[in-house]
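A short worksheet on the structure shown next.
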Amino acid sequence: MQHPQHPQHPQHHSSVGFANGQKDFLPDNYRKHVRPKPIGGEAVDVGVGWHISRVHEVNINAMTLKLSLRPTITWHDPRINFKEDMSEDDPNELIPLSLDFLLHTWKPDLFFLDTQEVKKFRMVDEVAGLWITSNLTFYLSFQVLLILDCPMQFQAYPFDVQTCSVTMTSFEYDAEELKLSWLPQKVTHSRHLSDQLPDYQLKLSREILTEHHWCQDCIVEPSSAAQISIQLSRRFHGHIFTLFAPSVLIVAVSWASFFWPAKVIPARTGLSVTSLLTTVSMYASARASSPNTDYVKAVDVWFFACIFSNVLVLFQFGTVITLKLYQESAEKDYVTPVSAIKGASSTHSDTAGSQENIIATPPSFTNIFSPFV
């Protein structure tokens with residue numbers, strides 16, 4: 001069935017009120033709870049199209065996606081007795097009807113899966129429209145605000161990519177009774193959709209038609225479903241300049257103390273401890289703004305490596321100081337007996353001097369860590 005398209009500038013017809021003759025559109029034996037039955041007993045073809053006007057929010061803690069969407073739904077009902085004067089040159093010309101007409105006629109029971117909340121827009125009246133064509137095809141369009149469940153995984157945070165699915169299906173009718181198909185426009189979106197969220201780059205996947213299975217190995221038949229996926233790629237450039245680059249510089253400054261003399265103990269210790277505490281503080285700040293999970297994320301691994309690098313500096317400096325003290329103690333133990341021997345016997349001065357030249361040069365442990373001492 002060819003679906004009518006909403007014209008860019010439709011002709012203005014006065015909306016036909018239900019009290020002014022719309023009851024005549026329904027035959028006496030019309031039952032609004034019974035779906036139209038096409039010739040051959042086929043499924044009712046329901047065309048759908050969406051326009052995504054805005055993505056308001058991505059809540060990483062509640063794992064939800066909030067967006068404004070305008071669904072368009074069309075269906076054919078040959079039981080309607082529509083005799084309105086219409087142009088024969090354009091069978092897809094749309095004639096507006098009152099929304100009250102939907103209370104008395106059959107309509108697809110479509111809904112969005114995995115929604116926490118659905119709100120319709122209202123100003124003076126509900127932001128919606130109902131039209132009919134000369135071939136008895138209904139055209140319904142309305143504006144809704146959706147809050148969708150969107151399961152997320154943050155192992156790669158802040159380089160993660162999330163995928164949220166938007167799925168429309170029928171609650172009562174299975175795929176053999178009601179079949180969804182995409183209208184020619186399929187899914188459209190506003191031109192600046194990708195710029196509406198500062199933290200994410202948005203990308204819409206290809207529209208698909210699938211089947212929704214209500215449960216596994218159950219007697220309920222699957223229903224026809226229309227689905228798209230919204231890919232949310234986190235913009236990580238801000239994290240690089242506010243987290244990763246500063247932490248690298250702090251670790252580099254801490255390791256620069258390796259080239260300071262080992263004798264400047266307060267300065268080297270103060271610099272290493274300050275760098276360690278600064279890194280820990282940065283990690284606490286980053287963790288407070290990151291998703292709260294019970295598994296390790298990429299940012300956790302990064303800051304653990306930075307903290308471990310700062311701790312290594314303190315261990316290296318402590319090792320150098322210990323070996324330095326051991327060397328000085330060894331030098332003292334070797335030199336003192338020689339001085340005693342020189343004071344006790346001057347006749348062995350040549351021999352003592354020779355021993356001093358030999359003994360006063362103990363093994364230098366600090367040479368192992370050169371140039372870090």
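Going by the structure tokens order, chains are called A, B, ..., each with residues numbered from 1, while ligands are numbered from 1 in the order shown.
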
Strand (DSSP E or B) residues, from DSSP on the backbone, in range 75-323 of chain A, as JSON, numbers by chain: {"A": [75, 76, 95, 96, 97, 110, 111, 112, 115, 116, 117, 118, 119, 120, 122, 126, 128, 129, 130, 131, 132, 137, 138, 139, 140, 141, 142, 144, 145, 146, 147, 148, 149, 161, 162, 163, 164, 165, 166, 167, 168, 169, 170, 178, 179, 180, 181, 182, 183, 184, 185, 186, 187, 188, 189, 200, 201, 202, 203, 204, 208, 209, 210, 211, 212, 223, 224, 225, 226, 227, 228, 229, 230, 231, 232, 233, 234]}

Who sits within 10 Å of range 118-120 of chain A, only C-alpha atoms, same chain under 5 positions skipped, as an MDAnalysis selection string: chainID A and resid 66 68:70 111:112 126:128 142:148

Alpha helix (DSSP H) residues, from DSSP on the backbone, in range 196-318 of chain A, as a ChimeraX atom specification: /A:237-239,245-256,265-289,298-318

Shell of 7 Å around range 224-236 of chain A, only C-alpha atoms, local chain residues under 3 positions omitted, as a ChimeraX atom specification: /A:158-170,174-175,178-180,199-212,239-240

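Straight-line separation from CA of Ser190 in chain A to CA of Ile52 in chain A: 6.5 Å.
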
When you look at Glu177 in chain A with a cut-off of 8 Å (counting only C-alpha atoms), what residues show up, excluding the ones that are within fewer than 4 positions of it in the same chain? I need them as a compact mmCIF listing (two decimals) with C-alpha atoms, in the first residue's frame.
```txt
# COMPACT_ATOMS: atom_id res chain seq x y z
CA GLU A 42 -3.53 -10.31 5.43
CA ALA A 43 -2.15 -8.29 8.29
CA VAL A 44 -3.09 -4.65 8.59
CA TYR A 173 -1.71 -7.69 17.76
```

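Distance annotation: of A:Tyr295, A:Trp260, A:Phe308, A:Tyr326, the residue with the minimal separation from Ala156 in chain A is A:Tyr295; atom set is only C-alpha atoms.
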
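Using only C-alpha atoms, the smallest distance between any of A:Leu197, A:Val58, A:Val46, A:Leu99 and Thr74 in chain A comes from A:Val46.
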